[in-house]
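In what follows, a structure is listed as structure tokens, so that the remarks can point back to it.
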Amino acid sequence: MSNTNNDASETKHACCSNKKAPSGKVAATKDEPKQEKVDTPSSANAQSNKTEEHHLIIDGASCASCVTKIEKALRAVDGVQSADMNFAQRSVIVTGNVKDSNLITAVEIAGYNAKVDTSESEEQALDEKEKADWQYYKKLMRDMTIALALGVPLMIYGLTIGEMTVNTTGERIGWFMVGLATLGVMYFSGKHFYIGAWNSLKNHSANMDTLIALGTGTAWIYSMVVVSVPDLLPQMARHVYFEATAMIIGLINLGLALEIKARGKTSEAIKRLIGLQAKTARVIRDDKDIDIPIEDVLLNDLIRVRPGEKISVDGLVVEGHTAVDESMLTGEPMPVEKSEGDKVVAGTINKSGSIIFKATRVGKDTALAHIINMVKRAQNSKPPIGRLADVISAYFVPVIMIIAVLSALAWLNFGPSPAVAFAIVSATTVLIIACPCALGLATPMSVMVGVGKAAEAGVLIRNGEALQTASKITTMILDKTGTITEGAPKVTDVLLAEGQEREHVLMLAASIEAGSEHPLSMAIVESAKEQGIEARKVSAFASIAGKGVEATLDDSQLLFGNEKLMKDRGINIDAFIDKAQALAQEAKTPMYFAINNKLAAVIAVADPIKPDSIEAIKRLQSKGIRIVMLTGDNRLTAKAIASKVGITEFVAEVMPEDKANKVAQLQQEGEIVGMTGDGINDAPALAHANVGFAIGTGTDVAIESADITLMRGSLHGLADAIAISKATLTNIKQNLFGAFIYNMAGVPIAAGVLYPFFGLLLSPIIAGAAMAFSSLTVVTNANRLRLFKAKDH
Amino acid sequence: MLWINLAGAALIALIVWWFWIYKSASVAMQDGAIEILVKDGVYQPSKIRLPANQKATLTFTRLDSSPCSEPLQIPDLDISASLTLNKKVDVTIPPTEPGRHAFHCQMKMYVGELIFE
């Protein structure tokens, strides 16, 4: 969103009103005092931070130049970054950190009316969709009842008591009445098929409606010809098929109704995500807690959350301490500790303590909103495997129509008597049994469920293509730091020299390291802090490049660094050298600490392996996936980590840009390569890989950066992602196979290829039932995926 | 019998011509926006000419209850949308090079075409 069309719009001439548009900045509030701009944190923030979108509906805008005026008036409101009006829809999207009421007032001052467009709410849209689906379901069931009320008795009559032939005048009158009743059924229960068929026919396109309308229409017209002018046909061919028309309409309506029910289940995952959204937030304004609708929360609002309540928007904790259950987003079952300065995410649940947090992302900018958006998009996208079905469905219906004509001609030319009746039955059955829906539904239904299932496990799949490729990965590259390991070095061992006291040593070490910015130093400072040891200020601090640091504290000369530094200063480290090397072989970095030129301690720092990395890597290997570890670290550490987690192939001392080359090299070997990294410095490699996995910690993830985003840090997410994509692909294949086989076998059988050999010809009613339930089968099979448990695979 | 066969052949020829050969008329977009009804099994209008390299808005109003009509896809442009029943849904088309791109529901039963020129 930008103001780029500002200039262009100003050149438009006004035509509809001579009211002057407000120029420059105005305070757009009628009844509130003018706001001071610049200094308020919220307006300052609005300039720099991402802000929310406001949707308004404008009333009274009658020409295109009104657009200019309205946009200008809105842009003049404090905190507004951009305002773009869609004239056709009379709607405006405003971005910025601003209240809806201010925007509405600004539009009113400009001479128009405005109201907040609420139709955008996800939850409302979902409710409306469910309601609409329910209405449609009821309508279909009613249609089905009417059609079957006529069809079933007729069919039973045909099967048991009577011949459905027209010989006498009495039979003619009777069947004529039945024909009219069937016409009624066609009108009341099947109208939508005929209207749809006619409309697409006019558009030179054809769909399922076309087939149903032609099939049932043919049967009815033939039967009416039999009833009205029987003499046109040989006696044996005077058979009526009214029951077929009524039964087919009934069964297909039933199939559609059941399909709607089943379809509802496929979107369960997205419903669950949308349901995570809180409805209100308890904002602290003027030292008072007030409950306001979530839409009215502004950036930088302070929000209080009590135990058991939902976090309403994304923010930073400013007061209090608690544990937050983030499992609904990340799949991570353990609650996460939060205290001052930690991020909290909308949709998660505050467990133990009461906190106050500052809103940093609201409305459509929250992580949850992004996740919902991404899942929705991915659910709508199609993996390449579905393309063949797409190509086929574009030609499907006309081809079936041609087959129906050919089949009728074949019966007329070569069929036994009554050839006309056989021709009509076979053409009708071919039209009815063919099911483009099953083909068309096969892929999207499974993708819908699979992507949703993945989201439940904290795995965000960008699109269908990523889903499909992930199922075929043969080699997985794992970045070491932050992927296999925690990515945050910690003090693992403190070996003290004789006569030294642990707390004192740590205090001195932390004091000297506090001046350094090396990650290893930070680990020491952090470790001291955790143990409640305060670092003190040192003097004469000096950094010795590549070796360590020195400083003075009180009377103590402190020296901290590697083996080389100690040797340079002639400090005896013999007593510890073996132990230090042993630590190095365990992937730890030992550092020496000397006080007054005497070795006081060896402190080892290591980036610990995530608790479940070993198990997750084993899981991937058991699927036959080749694992390669890449790291910028030295060989010794790399080797130690690799052997600990059971990886045999690793490359150490890799620069970030060389990671992409390694990906390319493996691809040249014919491997389908997945690359897992933290998404920031691994970006080129992630992009180069067949599937890039960004691994996040908690919900703080760069969602846009990878094909697949793992929301929890655990590598199990990776194994889950691959297991789910494999299961989804298998499901799609079953669906496609089923749909292809169904059509390829069903259509020729309906045409009568089995008749010369076995005397078998399908009844149009059986064809109607088969067709109605073939698409239902596809949806039901896709729903089976909901029961899939990634953990077990 | 000859006449019946000829009639059948003619019917097949008609199907081929009607669905595959005949090029139906298209509607030109005015002022960068167009309304498309999703009604009675089709998009109306379904063939839309629009200027290339310009942003455009397609406003869909879905009146069909059938869930088939809900998803809208323009795969070439990587666009997908959910059409809410009885609501206007705006789909923004980014500036696009001249060419033809299909838009359709998930199952391609509803089909339309965007012609950028």
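Please note that chains go A, B, ... in the order of the structure tokens, that every chain numbers its residues from 1, and that ligands are numbered from 1 in the order shown.
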
Sorted per-residue table, chain A near chain B, closest atoms and distance, 6 Å, only C-alpha atoms, as CSV:
```
residue,atom,partner,partner_atom,distance
A:Gly196,CA,B:Gly41,CA,4.5
A:Ser200,CA,B:Val42,CA,5.9
A:His204,CA,B:Phe19,CA,5.1
A:Ser205,CA,B:Phe19,CA,5.9
A:Asn207,CA,B:Met109,CA,5.2
A:Ile402,CA,B:Ile12,CA,5.7
A:Gly440,CA,B:Met107,CA,4.2
```

Secondary structure check, strand (DSSP E or B) residues of chain B, as an MDAnalysis selection string:
chainID B and resid 27:28 30 33:39 42:44 47:50 56:62 71:74 79:82 85 88:93 99:104 111:116

Neighbours of stretch 656-673 of chain A within 10 Å (only C-alpha atoms; same-chain residues fewer than 2 positions away dropped), as JSON, numbers by chain?
{"A": [469, 470, 471, 472, 473, 474, 475, 476, 477, 479, 625, 626, 627, 628, 630, 631, 632, 651, 653, 654, 675, 676, 681, 682, 683, 684, 685, 686, 687, 688, 689, 690, 691, 692]}

May I ask which of the residues A:Leu232, A:Ala706, A:Val602, A:Ile294 is the closest one to A:Glu498, counting only C-alpha atoms?
A:Val602

Please identify all polymer residues within 9 Å of A:Asn597, counting only C-alpha atoms, omitting same-chain residues fewer than 2 positions from it, and present them as number ranges by chain.
A: 557-559, 566, 569-572, 594-595, 599-600

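Using only C-alpha atoms, the shortest contact distance between B:Val27 and any of B:Ile48, B:Val91, B:Leu63, B:Ile115 is found at B:Ile48.
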
Given only C-alpha atoms as the counted atoms, nearest of A:Trp220, A:Tyr241, A:Phe650, A:Phe737 to A:Ser763
A:Tyr241

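Using only C-alpha atoms, the smallest distance between any of A:Ala61, A:Met334, A:Ala535, A:Ala497 and A:Ile512 comes from A:Ala535.
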
Report as a compact mmCIF listing (two decimals) with N, CA and C atoms, in the first residue's frame all protein, DNA and RNA residues lying within 9 Å of stretch 285-289 of chain A, evaluated on only C-alpha atoms, omitting residues in the same chain fewer than 2 positions from it.
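Result written to out.txt:
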```
# COMPACT_ATOMS: atom_id res chain seq x y z
N ARG A 282 -8.62 -7.11 26.81
CA ARG A 282 -8.76 -6.22 27.96
C ARG A 282 -7.64 -5.20 27.91
N VAL A 283 -7.96 -4.02 27.39
CA VAL A 283 -6.96 -2.99 27.17
C VAL A 283 -6.92 -2.06 28.37
N ASP A 291 -12.80 -3.88 28.31
CA ASP A 291 -12.90 -4.94 27.31
C ASP A 291 -13.36 -4.31 26.00
N ASP A 301 -1.08 -0.57 22.34
CA ASP A 301 -2.02 -0.68 23.46
C ASP A 301 -1.43 -1.64 24.49
N LEU A 302 -1.69 -1.36 25.76
CA LEU A 302 -1.28 -2.30 26.80
C LEU A 302 -2.46 -3.22 27.10
N ILE A 303 -2.21 -4.51 27.10
CA ILE A 303 -3.30 -5.47 27.25
C ILE A 303 -3.01 -6.38 28.44
N ARG A 304 -4.02 -6.54 29.29
CA ARG A 304 -3.85 -7.42 30.46
C ARG A 304 -4.44 -8.79 30.14
```

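The two atoms in question, atom CA of B:Leu50 and atom CA of B:Pro94, are spaced 11.6 Å apart.
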
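Taking atom CA of A:Val225 as the reference point, atom CA of A:Met177 is found at 13.5 Å.
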